[in-house]
>>> print(open('input03.cif').read())   # mmCIF, C-alpha atoms and all ligand atoms
data_coords
#
loop_
_atom_site.label_atom_id
_atom_site.label_comp_id
_atom_site.auth_asym_id
_atom_site.auth_seq_id
_atom_site.Cartn_x
_atom_site.Cartn_y
_atom_site.Cartn_z
CA MET A 1 10.26 14.47 9.68
CA ASP A 2 11.91 17.54 11.17
CA ASN A 3 8.62 19.31 11.04
CA ILE A 4 6.77 16.53 12.78
CA GLU A 5 9.26 16.52 15.61
CA ASN A 6 8.93 20.22 15.74
CA PHE A 7 5.20 19.89 16.13
CA ASN A 8 5.46 17.43 19.00
CA THR A 9 7.43 19.81 21.12
CA PHE A 10 5.52 22.92 20.12
CA TYR A 11 1.86 22.94 21.02
CA GLU A 12 0.25 25.72 19.05
CA LYS A 13 -2.53 27.97 20.24
CA ALA A 14 -5.08 28.52 17.53
CA TYR A 15 -7.65 31.27 17.10
CA LEU A 16 -10.54 30.69 14.69
CA LEU A 17 -12.20 33.27 12.46
CA PHE A 18 -15.68 32.67 11.10
CA PRO A 19 -17.21 34.93 8.48
CA ILE A 20 -20.96 34.30 8.46
CA PHE A 21 -22.76 34.89 5.22
CA ASN A 22 -26.49 35.04 4.45
CA GLY A 23 -27.33 35.33 8.13
CA LYS A 24 -26.58 31.64 8.66
CA ILE A 25 -25.65 32.00 12.32
CA SER A 26 -27.22 28.60 13.03
CA GLU A 27 -24.34 26.99 11.14
CA LEU A 28 -21.74 28.44 13.50
CA GLU A 29 -21.83 25.62 16.03
CA GLY A 30 -21.33 22.89 13.42
CA ARG A 31 -18.57 24.86 11.71
CA TYR A 32 -16.85 25.48 15.03
CA ASP A 33 -16.99 21.79 16.01
CA GLU A 34 -15.56 20.68 12.70
CA ILE A 35 -12.69 23.17 12.63
CA ALA A 36 -11.95 22.51 16.31
CA GLN A 37 -11.66 18.82 15.51
CA LEU A 38 -9.39 19.58 12.55
CA VAL A 39 -7.21 21.75 14.78
CA LYS A 40 -7.01 19.03 17.41
CA THR A 41 -6.09 16.51 14.74
CA ALA A 42 -3.32 18.82 13.54
CA GLY A 43 -1.94 18.86 17.07
CA ALA A 44 -2.97 22.33 18.22
CA GLU A 45 -5.44 23.76 20.70
CA VAL A 46 -8.25 26.24 20.10
CA VAL A 47 -7.91 29.13 22.55
CA GLY A 48 -10.54 31.45 21.13
CA TYR A 49 -12.66 32.41 18.17
CA GLY A 50 -14.32 35.39 16.59
CA PHE A 51 -17.20 35.66 14.14
CA GLN A 52 -19.15 38.32 12.35
CA VAL A 53 -22.44 38.16 10.50
CA LEU A 54 -21.63 39.91 7.25
CA ARG A 55 -24.23 41.74 5.26
CA GLU A 56 -21.58 43.15 3.02
CA ILE A 57 -17.95 42.15 2.84
CA SER A 58 -15.04 44.53 3.20
CA PRO A 59 -13.11 43.49 0.08
CA ALA A 60 -9.68 43.97 1.64
CA THR A 61 -10.15 42.26 4.98
CA ILE A 62 -13.60 40.58 4.90
CA PHE A 63 -14.50 41.69 8.44
CA GLY A 64 -15.38 45.22 9.51
CA SER A 65 -12.68 47.32 11.22
CA GLY A 66 -14.33 47.42 14.68
CA LYS A 67 -14.64 43.66 14.76
CA LEU A 68 -11.06 43.24 13.60
CA GLU A 69 -9.76 45.46 16.43
CA GLU A 70 -11.73 43.46 18.95
CA MET A 71 -10.37 40.17 17.65
CA ARG A 72 -6.80 41.46 17.54
CA GLU A 73 -7.03 42.44 21.19
CA GLU A 74 -8.14 38.94 22.16
CA ILE A 75 -5.47 37.37 19.96
CA ARG A 76 -2.76 39.44 21.64
CA GLN A 77 -4.03 38.61 25.11
CA LYS A 78 -4.19 34.91 24.44
CA ASP A 79 -0.75 34.67 22.95
CA VAL A 80 -2.05 33.04 19.81
CA ASN A 81 0.43 31.36 17.40
CA VAL A 82 -1.84 30.57 14.48
CA ILE A 83 -5.03 32.12 13.13
CA ILE A 84 -7.31 29.93 11.07
CA PHE A 85 -9.88 31.39 8.74
CA ASP A 86 -12.89 29.15 8.11
CA GLY A 87 -13.34 29.77 4.43
CA ASP A 88 -11.46 30.77 1.33
CA LEU A 89 -9.45 33.91 0.96
CA SER A 90 -7.80 35.60 -1.96
CA PRO A 91 -4.01 35.90 -1.58
CA SER A 92 -4.28 39.64 -1.00
CA GLN A 93 -6.99 39.25 1.65
CA ALA A 94 -4.80 36.68 3.42
CA GLN A 95 -1.86 39.06 3.30
CA ASN A 96 -3.92 42.01 4.58
CA LEU A 97 -5.35 40.03 7.46
CA SER A 98 -2.00 38.56 8.35
CA ASP A 99 -0.45 42.05 8.40
CA PHE A 100 -3.29 43.34 10.55
CA PHE A 101 -2.88 40.53 13.09
CA ASP A 102 0.76 41.39 13.79
CA GLY A 103 2.08 38.95 11.19
CA ILE A 104 0.97 35.92 13.20
CA LYS A 105 0.81 32.85 10.99
CA PHE A 106 -2.47 33.06 9.14
CA ILE A 107 -3.92 30.10 7.28
CA ASP A 108 -7.24 29.05 5.79
CA ARG A 109 -9.21 25.84 6.14
CA THR A 110 -7.65 24.34 3.03
CA ALA A 111 -4.13 24.79 4.38
CA LEU A 112 -5.22 23.20 7.64
CA ILE A 113 -6.65 20.15 5.87
CA LEU A 114 -3.56 19.85 3.68
CA ASP A 115 -1.47 19.98 6.80
CA ILE A 116 -3.31 17.05 8.37
CA PHE A 117 -2.92 15.13 5.15
CA ALA A 118 0.82 15.80 5.26
CA LEU A 119 0.97 14.46 8.79
CA ASN A 120 -1.01 11.33 7.98
CA ALA A 121 0.43 10.29 4.63
CA LYS A 122 2.37 7.10 5.16
CA THR A 123 2.96 5.44 1.81
CA LYS A 124 4.98 6.75 -1.08
CA GLU A 125 1.84 7.32 -3.13
CA GLY A 126 0.10 9.08 -0.25
CA LYS A 127 3.04 11.38 0.27
CA LEU A 128 3.29 12.21 -3.42
CA GLN A 129 -0.42 12.95 -3.57
CA VAL A 130 -0.24 15.29 -0.60
CA GLU A 131 2.80 17.01 -2.01
CA LEU A 132 1.01 17.49 -5.32
CA ALA A 133 -2.04 18.98 -3.59
CA GLN A 134 0.16 21.29 -1.53
CA HIS A 135 2.09 22.54 -4.52
CA GLU A 136 -1.12 23.15 -6.44
CA TYR A 137 -2.47 25.03 -3.47
CA ILE A 138 0.67 27.15 -3.18
CA LEU A 139 0.58 27.86 -6.89
CA SER A 140 -3.03 29.01 -6.67
CA ARG A 141 -2.05 31.30 -3.76
CA LEU A 142 0.80 32.74 -5.78
CA LYS A 143 -1.37 33.63 -8.73
CA GLY A 144 -1.47 37.36 -9.14
CA GLN A 145 0.98 37.84 -6.28
CA GLY A 146 4.07 39.89 -6.97
CA LYS A 147 5.99 38.23 -4.18
CA ALA A 148 5.93 34.80 -2.65
CA LEU A 149 3.78 34.38 0.43
CA SER A 150 5.94 33.59 3.35
CA ARG A 151 4.94 31.48 6.29
CA LEU A 152 7.55 31.27 8.98
CA GLY A 153 7.99 28.93 11.90
CA GLY A 154 6.91 25.33 12.36
CA GLY A 155 3.61 23.69 13.13
CA ILE A 156 0.30 23.92 11.33
CA GLY A 157 0.40 24.99 7.71
CA THR A 158 4.12 24.54 7.29
CA ARG A 159 4.51 20.81 7.12
CA GLY A 160 5.34 19.20 3.81
CA PRO A 161 6.62 21.31 0.99
CA GLY A 162 5.19 24.58 2.31
CA GLU A 163 8.49 25.98 3.41
CA THR A 164 10.40 25.36 0.23
CA LYS A 165 8.17 27.86 -1.56
CA LEU A 166 9.95 30.62 0.31
CA GLU A 167 12.88 30.33 -2.02
CA THR A 168 11.05 29.09 -5.03
CA ASP A 169 9.29 30.66 -7.91
CA ARG A 170 6.29 29.57 -9.88
CA ARG A 171 8.37 27.84 -12.49
CA TYR A 172 9.96 25.57 -9.91
CA ILE A 173 6.52 24.73 -8.54
CA ARG A 174 5.11 24.00 -11.99
CA ASN A 175 8.06 21.72 -12.78
CA ARG A 176 7.62 19.94 -9.50
CA ILE A 177 3.89 19.48 -10.19
CA THR A 178 4.64 17.94 -13.58
CA ASN A 179 7.22 15.68 -12.01
CA LEU A 180 4.87 14.58 -9.20
CA LYS A 181 2.06 13.88 -11.64
CA GLY A 182 4.42 11.74 -13.68
CA GLN A 183 5.45 9.71 -10.65
CA LEU A 184 1.84 9.27 -9.60
CA GLU A 185 0.82 8.11 -13.06
CA GLU A 186 3.53 5.45 -12.94
CA LEU A 187 2.29 4.25 -9.58
CA ALA A 188 -1.32 4.24 -10.80
CA LYS A 189 -0.32 2.14 -13.82
CA LYS A 190 1.36 -0.39 -11.55
CA ARG A 191 -1.70 -0.52 -9.36
CA LYS A 192 -3.97 -1.09 -12.36
CA LEU A 193 -1.78 -3.99 -13.35
CA ILE A 194 -2.08 -5.53 -9.91
CA SER A 195 -5.83 -5.01 -9.82
CA SER A 196 -6.32 -6.48 -13.30
CA ARG A 197 -4.45 -9.55 -12.13
CA ARG A 198 -6.72 -9.65 -9.15
CA ASP A 199 -9.79 -9.46 -11.39
CA ARG A 200 -9.05 -12.84 -12.75
CA THR A 201 -9.73 -14.55 -9.48
CA ASN A 202 -13.37 -14.48 -8.53
CA THR A 203 -13.72 -11.42 -6.38
CA LEU A 204 -15.93 -8.40 -6.06
CA THR A 205 -14.74 -5.14 -4.55
CA VAL A 206 -16.61 -3.16 -1.94
CA ALA A 207 -15.39 0.34 -1.12
CA LEU A 208 -16.00 2.09 2.16
CA ALA A 209 -16.65 5.73 1.41
CA GLY A 210 -18.04 8.51 3.52
CA TYR A 211 -17.43 11.42 5.80
CA THR A 212 -14.22 11.50 7.77
CA ASN A 213 -14.47 9.99 11.27
CA ALA A 214 -17.72 8.16 10.38
CA GLY A 215 -16.15 4.84 11.37
CA LYS A 216 -15.06 3.35 8.03
CA SER A 217 -11.82 1.85 9.34
CA THR A 218 -13.60 0.51 12.42
CA LEU A 219 -16.10 -1.15 10.10
CA LEU A 220 -13.32 -2.62 7.96
CA ASN A 221 -11.83 -4.08 11.13
CA ALA A 222 -15.17 -5.38 12.36
CA LEU A 223 -15.94 -7.11 9.07
CA SER A 224 -12.48 -8.52 8.47
CA GLY A 225 -11.24 -9.13 11.99
CA SER A 226 -8.20 -6.99 11.29
CA ASP A 227 -6.54 -4.16 13.08
CA VAL A 228 -6.35 -1.10 10.85
CA LEU A 229 -5.72 2.23 12.55
CA ALA A 230 -9.03 3.76 13.62
CA GLU A 231 -9.05 6.79 15.85
CA ASP A 232 -11.01 9.81 16.84
CA LYS A 233 -9.17 12.03 14.45
CA LEU A 234 -10.05 13.38 11.05
CA PHE A 235 -8.39 11.81 8.03
CA ALA A 236 -6.79 9.02 10.04
CA THR A 237 -6.84 6.95 6.86
CA LEU A 238 -5.20 8.36 3.77
CA ASP A 239 -3.88 5.39 1.94
CA PRO A 240 -6.27 2.78 0.66
CA THR A 241 -6.19 -0.40 2.70
CA ALA A 242 -7.69 -3.60 1.40
CA ARG A 243 -8.83 -6.73 3.20
CA LYS A 244 -10.16 -9.97 1.78
CA ILE A 245 -13.36 -11.21 3.32
CA LYS A 246 -15.93 -13.83 2.48
CA VAL A 247 -19.52 -12.65 2.36
CA LYS A 248 -21.55 -15.84 2.08
CA ASN A 249 -20.54 -17.23 -1.32
CA PHE A 250 -18.91 -14.07 -2.51
CA ASN A 251 -15.19 -13.40 -2.29
CA VAL A 252 -14.92 -9.76 -1.48
CA ILE A 253 -12.11 -7.27 -1.33
CA LEU A 254 -13.06 -4.56 1.10
CA ILE A 255 -11.32 -1.24 0.54
CA ASP A 256 -11.00 1.49 3.13
CA THR A 257 -9.91 4.88 1.92
CA VAL A 258 -9.64 8.58 2.64
CA GLY A 259 -12.65 10.23 4.28
CA PHE A 260 -14.53 13.16 2.82
CA ILE A 261 -15.27 16.55 4.31
CA LYS A 262 -17.43 19.47 3.26
CA ASP A 263 -15.82 22.06 1.00
CA ILE A 264 -12.97 19.66 0.36
CA PRO A 265 -10.34 21.55 -1.60
CA THR A 266 -10.68 20.67 -5.29
CA ASN A 267 -6.97 20.18 -5.76
CA LEU A 268 -7.08 17.64 -2.97
CA ILE A 269 -9.67 15.59 -4.81
CA ASN A 270 -7.63 15.91 -7.98
CA ALA A 271 -4.42 14.88 -6.26
CA PHE A 272 -6.14 11.89 -4.69
CA LYS A 273 -7.93 10.87 -7.90
CA SER A 274 -5.82 7.76 -8.35
CA THR A 275 -6.45 6.64 -4.78
CA LEU A 276 -10.11 7.47 -5.08
CA GLU A 277 -10.33 5.37 -8.22
CA SER A 278 -10.53 2.40 -5.90
CA VAL A 279 -13.90 3.85 -4.85
CA SER A 280 -15.19 4.64 -8.31
CA ASP A 281 -14.04 1.25 -9.67
CA ALA A 282 -15.67 -0.71 -6.86
CA ASP A 283 -18.57 -3.06 -7.56
CA LEU A 284 -20.41 -1.72 -4.55
CA ILE A 285 -19.98 1.33 -2.35
CA LEU A 286 -20.86 1.50 1.32
CA ASN A 287 -21.55 5.13 2.13
CA VAL A 288 -20.83 5.25 5.86
CA CYS A 289 -22.08 8.17 7.94
CA ASP A 290 -22.26 9.02 11.63
CA ALA A 291 -25.93 8.57 12.53
CA ARG A 292 -25.47 10.71 15.63
CA GLY A 293 -24.19 13.69 13.68
CA ASP A 294 -25.60 15.79 10.86
CA TRP A 295 -25.91 12.78 8.57
CA GLN A 296 -27.96 14.63 5.95
CA LYS A 297 -25.08 17.04 5.44
CA GLN A 298 -22.52 14.22 5.51
CA ASN A 299 -24.43 12.28 2.86
CA GLU A 300 -24.91 15.35 0.71
CA VAL A 301 -21.13 15.88 0.72
CA THR A 302 -20.32 12.22 0.10
CA GLU A 303 -22.81 11.87 -2.72
CA GLY A 304 -21.50 15.07 -4.31
CA ILE A 305 -17.93 13.81 -4.26
CA LEU A 306 -18.96 10.38 -5.57
CA ARG A 307 -20.68 12.13 -8.46
CA GLU A 308 -17.53 14.13 -9.12
CA LEU A 309 -15.59 10.86 -9.23
CA ASN A 310 -18.11 9.41 -11.71
CA ALA A 311 -18.76 6.57 -9.32
CA ASN A 312 -21.93 4.91 -10.56
CA SER A 313 -21.82 1.64 -8.69
CA PRO A 314 -24.70 0.70 -6.43
CA ILE A 315 -24.55 2.36 -3.00
CA ILE A 316 -25.71 1.11 0.38
CA LYS A 317 -26.34 3.81 2.96
CA VAL A 318 -24.77 2.68 6.20
CA PHE A 319 -25.61 4.56 9.39
CA ASN A 320 -22.92 3.90 11.96
CA LYS A 321 -22.66 4.65 15.70
CA CYS A 322 -26.28 3.58 16.25
CA GLU A 323 -25.71 1.78 19.56
CA ASP A 324 -27.72 4.32 21.55
CA ILE A 325 -30.38 5.11 18.97
CA SER A 326 -33.71 3.38 19.38
CA ASP A 327 -36.02 5.37 17.15
CA PHE A 328 -35.18 5.18 13.45
CA THR A 329 -38.33 6.82 12.07
CA ASN A 330 -36.45 9.92 10.97
CA TYR A 331 -33.85 7.96 9.03
CA PRO A 332 -34.17 6.72 5.45
CA ALA A 333 -36.03 3.42 5.21
CA ASP A 334 -33.39 1.95 2.91
CA GLY A 335 -30.56 2.63 5.39
CA VAL A 336 -28.68 -0.09 7.25
CA PHE A 337 -28.14 0.74 10.92
CA ILE A 338 -25.07 -0.56 12.65
CA SER A 339 -22.53 0.01 15.35
CA ALA A 340 -19.14 -0.96 13.99
CA LYS A 341 -17.49 -0.41 17.34
CA HIS A 342 -19.94 -2.65 19.21
CA LYS A 343 -20.30 -5.04 16.27
CA LYS A 344 -24.06 -4.58 16.11
CA GLY A 345 -26.20 -4.83 12.99
CA LEU A 346 -23.37 -6.36 10.97
CA ASP A 347 -25.53 -9.34 9.95
CA ASN A 348 -28.02 -6.95 8.42
CA LEU A 349 -25.24 -5.23 6.56
CA ILE A 350 -23.93 -8.52 5.22
CA GLU A 351 -27.48 -9.40 4.09
CA ALA A 352 -27.73 -6.04 2.33
CA ILE A 353 -24.37 -6.55 0.60
CA CYS A 354 -25.42 -10.00 -0.64
CA LYS A 355 -28.78 -8.70 -1.77
CA SER A 356 -27.11 -5.96 -3.76
CA PHE A 357 -24.68 -8.42 -5.33
CA GLU A 358 -27.51 -10.78 -6.24
CA GLU A 359 -29.48 -7.89 -7.69
CA HIS A 360 -26.64 -6.70 -9.88
CA PHE A 361 -24.39 -9.67 -10.55
CA VAL A 362 -24.65 -13.28 -11.61
CA TYR A 363 -22.10 -15.96 -11.01
CA CYS A 364 -22.06 -18.77 -13.53
CA THR A 365 -19.90 -21.55 -14.86
CA LEU A 366 -19.34 -22.09 -18.57
CA SER A 367 -18.11 -25.30 -20.03
CA LEU A 368 -16.52 -24.42 -23.37
CA ASP A 369 -15.06 -26.31 -26.29
CA PHE A 370 -11.59 -25.17 -27.24
CA SER A 371 -13.08 -23.66 -30.41
CA GLU A 372 -15.17 -21.30 -28.27
CA ILE A 373 -12.31 -19.85 -26.31
CA ASN A 374 -11.70 -16.99 -28.76
CA GLU A 375 -15.36 -16.06 -28.53
CA PHE A 376 -15.01 -15.99 -24.75
CA TYR A 377 -11.97 -13.73 -24.76
CA LYS A 378 -13.85 -11.25 -26.96
CA ILE A 379 -16.37 -10.59 -24.21
CA LYS A 380 -14.04 -10.78 -21.25
CA ASN A 381 -14.01 -7.02 -20.74
CA PHE A 382 -17.66 -7.19 -19.79
CA LEU A 383 -16.93 -9.51 -16.88
CA GLU A 384 -16.39 -8.47 -13.30
CA SER A 385 -14.12 -11.40 -12.76
CA TYR A 386 -13.33 -14.79 -14.24
CA ASP A 387 -11.26 -17.81 -13.65
CA VAL A 388 -10.28 -20.22 -16.45
CA THR A 389 -9.34 -23.87 -15.96
CA TYR A 390 -8.15 -25.95 -18.91
CA GLY A 391 -9.30 -29.60 -18.84
CA ASP A 392 -8.47 -32.40 -21.27
CA ASP A 393 -11.22 -31.65 -23.73
CA LYS A 394 -13.09 -28.73 -22.17
CA VAL A 395 -12.34 -25.38 -20.66
CA THR A 396 -14.21 -24.42 -17.52
CA VAL A 397 -14.80 -20.76 -16.82
CA ASN A 398 -16.20 -19.50 -13.55
CA LEU A 399 -17.32 -15.97 -13.98
CA CYS A 400 -19.15 -13.10 -12.44
CA ILE A 401 -20.97 -10.67 -14.69
CA LYS A 402 -23.24 -7.69 -14.20
CA LYS A 403 -26.82 -8.68 -15.01
CA ILE A 404 -27.08 -5.91 -17.57
CA TYR A 405 -24.38 -7.64 -19.65
CA LEU A 406 -25.84 -11.15 -19.47
CA SER A 407 -26.76 -11.11 -23.17
CA LYS A 408 -23.05 -10.93 -23.98
CA ILE A 409 -22.46 -14.45 -22.79
CA SER A 410 -25.77 -15.96 -23.91
CA LYS A 411 -24.17 -17.64 -26.94
CA LEU A 412 -21.72 -19.49 -24.70
CA VAL A 413 -24.27 -20.75 -22.18
CA LYS A 414 -25.54 -24.20 -23.04
N1 LIG B 1 -19.74 5.32 19.48
C1 LIG B 1 -19.22 4.76 18.41
N2 LIG B 1 -18.01 5.16 17.96
C2 LIG B 1 -17.52 4.56 16.86
C3 LIG B 1 -18.24 3.54 16.16
N3 LIG B 1 -17.50 3.17 15.09
C4 LIG B 1 -16.37 3.92 15.12
N4 LIG B 1 -16.38 4.74 16.19
C5 LIG B 1 -15.33 5.69 16.62
O1 LIG B 1 -15.26 6.77 15.69
C6 LIG B 1 -13.91 7.24 15.55
C7 LIG B 1 -13.51 7.25 14.09
O2 LIG B 1 -13.44 5.94 13.61
P1 LIG B 1 -12.60 5.54 12.32
O3 LIG B 1 -12.92 4.12 12.03
O4 LIG B 1 -11.18 5.96 12.46
O5 LIG B 1 -13.30 6.50 11.25
P2 LIG B 1 -12.94 6.69 9.71
O6 LIG B 1 -14.23 6.88 8.98
O7 LIG B 1 -12.07 5.58 9.24
O8 LIG B 1 -12.16 8.07 9.77
P3 LIG B 1 -11.03 8.67 8.78
O9 LIG B 1 -10.12 7.58 8.34
O10 LIG B 1 -10.36 9.65 9.65
O11 LIG B 1 -11.77 9.31 7.65
C8 LIG B 1 -13.06 6.29 16.41
O12 LIG B 1 -12.82 6.91 17.64
C9 LIG B 1 -13.94 5.06 16.56
O13 LIG B 1 -13.68 4.34 17.77
C10 LIG B 1 -19.51 3.14 16.67
O14 LIG B 1 -20.18 2.26 16.16
N5 LIG B 1 -19.95 3.79 17.79
MG MG B 2 -10.22 5.62 8.50
#
>>> encode(input="input03.cif", output="structure tokens", more="lines below")
Ligand SMILES: Nc1nc2c(ncn2[C@@H]2O[C@H](COP(=O)(O)OP(=O)(O)OP(=O)(O)O)[C@@H](O)[C@H]2O)c(=O)[nH]1
Ligand SMILES: [Mg+2]
Amino acid sequence: MDNIENFNTFYEKAYLLFPIFNGKISELEGRYDEIAQLVKTAGAEVVGYGFQVLREISPATIFGSGKLEEMREEIRQKDVNVIIFDGDLSPSQAQNLSDFFDGIKFIDRTALILDIFALNAKTKEGKLQVELAQHEYILSRLKGQGKALSRLGGGIGTRGPGETKLETDRRYIRNRITNLKGQLEELAKKRKLISSRRDRTNTLTVALAGYTNAGKSTLLNALSGSDVLAEDKLFATLDPTARKIKVKNFNVILIDTVGFIKDIPTNLINAFKSTLESVSDADLILNVCDARGDWQKQNEVTEGILRELNANSPIIKVFNKCEDISDFTNYPADGVFISAKHKKGLDNLIEAICKSFEEHFVYCTLSLDFSEINEFYKIKNFLESYDVTYGDDKVTVNLCIKKIYLSKISKLVK
């Protein structure tokens, strides 16, 4: 909390560094926009940037010495408080660059993202997950380092457990990581218990996944008539939020969760695995992207992360922010085009959700003799959901099953 207050009163000036590899200068604009938005989200302001197209890298400092001098001059003139490197650095490169730039706080993109996560985590689980990711990050930075990296002052890159590492050693961090993992496992177990209870009532789950700021929370609100925080900031949502909605005959639990971003730090995905399970366990995934942005890139990233999470549920590609787009010829034919903010195209989306459910699931009612109940319980793990009602001489089971498992219940269907 101290740190957050600190950040409100201290508006940092950020300078961005872009190494450009393989001559990909065309990527600079997109990279700048994304980092600038991350910086804004973290509560700082971009006051300048430097880039260099690198044919070969100087191992110690990445950039060439002439370029470095030039950038240092600008950094001094602009009174910069934090330098952000758009990429990954080895601990020694980070140290060398930081030393060169007069010891001004020097962080990389991962630290910046972790920082935003620390600001946005609200629930106990969210906070633990962020703390785990931060400790893993710090540990990876300490590998091979003789001394602890020190980052002084408040603001970006120092929120959360960052500062404690000053006085800590690797052993403390490892112990803390083990402890955090243990706490998270406990929470995940509890959540599983709640969701398995939920499974027994007839519901299907739909997860909203996709690039950060694509409009997932806005869509959740539009579909459920609720009022979840949605704002023009990256990673506004960290903790999964669920809403019950009715989609025609289907009872649906709609889950909104953390957004994705390119080059997402691996330890962040690992730390958020239990939260992201709500995506991989869902019966259907809506991959939401911003149709006005570089949606190919967004979808590439989202699909990559979904693969990493072993999410193999059906996916509907949802193109959001379409209110001003009239020509859809360059978009995939199987996409659904909506504007969550202006509540346009939602009927088409609901149709698409129902169609997918009907394609993959069957609802049916079994009327069983008491003698058949054991047989039923043997196959219950193949069901998406079920609901048992005991009558005087019969047991009625309403169930939902994936079509591929229909043969499992064939004996019980009369
Ligand atoms: N123009 C336009 N803006 C939209 C639309 N839907 C959402 N937005 C805006 O996009 C911004 C991000 O929306 P969110 O719903 O917070 O996005 P998100 O995907 O939940 O983002 P994170 O939780 O940060 O990953 C907000 O400023 C929304 O008002 C839309 O259909 N059209
Ligand atoms: Mg959101």
>>> residues_near_ligand(input="input03.cif", ligand="ligand LIG 1 (chain B)", cutoff="8 Å", atoms="only C-alpha atoms and all ligand atoms", output="MDAnalysis selection string")
chainID A and resid 210:220 229:238 256:260 288 320:323 338:344
>>> closest_residue(input="input03.cif", among="A:Gln37, A:Leu142, A:Leu204, A:Ala242", to="ligand MG 2 (chain B)", atoms="all atoms listed in the file")
A:Ala242
>>> closest_residue(input="input03.cif", among="A:Asp86, A:Asp227, A:Glu131, A:Asp115", to="ligand MG 2 (chain B)", atoms="all atoms listed in the file")
A:Asp227
>>> closest_residue(input="input03.cif", among="A:Gly48, A:Pro314, A:Pro240, A:Pro332", to="ligand MG 2 (chain B)", atoms="only C-alpha atoms and all ligand atoms")
A:Pro240
>>> closest_residue(input="input03.cif", among="A:Thr241, A:Leu309, A:Arg191, A:Glu384", to="ligand MG 2 (chain B)", atoms="only C-alpha atoms and all ligand atoms")
A:Thr241
>>> residues_around(input="input03.cif", residues="Leu68 in chain A", least_positions_apart="4", cutoff="12 Å", atoms="all atoms listed in the file", output="count of residues only")
23
>>> closest_residue(input="input03.cif", among="A:Ala14, A:Ala42, A:Ile173, A:Leu208", to="ligand MG 2 (chain B)", atoms="all atoms listed in the file")
A:Leu208
>>> closest_residue(input="input03.cif", among="A:Leu276, A:Ile264, A:Ile379, A:Ile255", to="ligand MG 2 (chain B)", atoms="only C-alpha atoms and all ligand atoms")
A:Ile255
>>> residues_around(input="input03.cif", residues="range 119-130 of chain A", least_positions_apart="5", cutoff="7 Å", atoms="all atoms listed in the file", output="list of chain:residue names")
A:Leu180, A:Leu184, A:Ala236, A:Leu238, A:Asp239, A:Ala271, A:Phe272
>>> atom_distance(input="input03.cif", atom1="CA of His135 in chain A", atom2="CA of Asp263 in chain A")
18.7 Å
>>> residues_around(input="input03.cif", residues="Phe376 in chain A", least_positions_apart="2", cutoff="10 Å", atoms="only C-alpha atoms", output="list in words")
Leu366, Leu368, Ser371, Glu372, Ile373, Asn374, Lys378, Ile379, Lys380, Asn381, Val397, Lys408, Ile409, Lys411 and Leu412 of chain A
>>> residues_near_point(input="input03.cif", point="(-3.3, 25.6, 19.2)", cutoff="8 Å", atoms="only C-alpha atoms", output="number ranges by chain")
A: 11-15, 39-40, 43-47, 80-82
>>> atom_distance(input="input03.cif", atom1="CA of Lys190 in chain A", atom2="CA of Ile116 in chain A")
26.9 Å
>>> residues_near_point(input="input03.cif", point="(-24.2, -7.3, -1.0)", cutoff="10 Å", atoms="all atoms listed in the file", output="number ranges by chain")
A: 204, 206, 247-248, 250, 252, 283-286, 314-316, 349-361
>>> atom_distance(input="input03.cif", atom1="CA of Leu399 in chain A", atom2="CA of Thr203 in chain A")
9.6 Å
>>> decode(input="input03.cif", residues="range 179-193 of chain A", atoms="C-alpha atoms", output="compact mmCIF listing (two decimals), in the first residue's frame")
# COMPACT_ATOMS: atom_id res chain seq x y z
CA ASN A 179 5.59 -21.21 0.61
CA LEU A 180 3.64 -19.20 -1.99
CA LYS A 181 3.18 -22.24 -4.20
CA GLY A 182 1.82 -24.14 -1.22
CA GLN A 183 -0.69 -21.41 -0.42
CA LEU A 184 -1.76 -21.22 -4.05
CA GLU A 185 -2.25 -24.97 -4.27
CA GLU A 186 -4.53 -24.83 -1.24
CA LEU A 187 -6.58 -22.09 -2.84
CA ALA A 188 -6.73 -23.98 -6.14
CA LYS A 189 -7.99 -27.09 -4.32
CA LYS A 190 -10.75 -25.06 -2.69
CA ARG A 191 -11.70 -23.61 -6.03
CA LYS A 192 -11.86 -27.06 -7.62
CA LEU A 193 -14.20 -28.12 -4.87
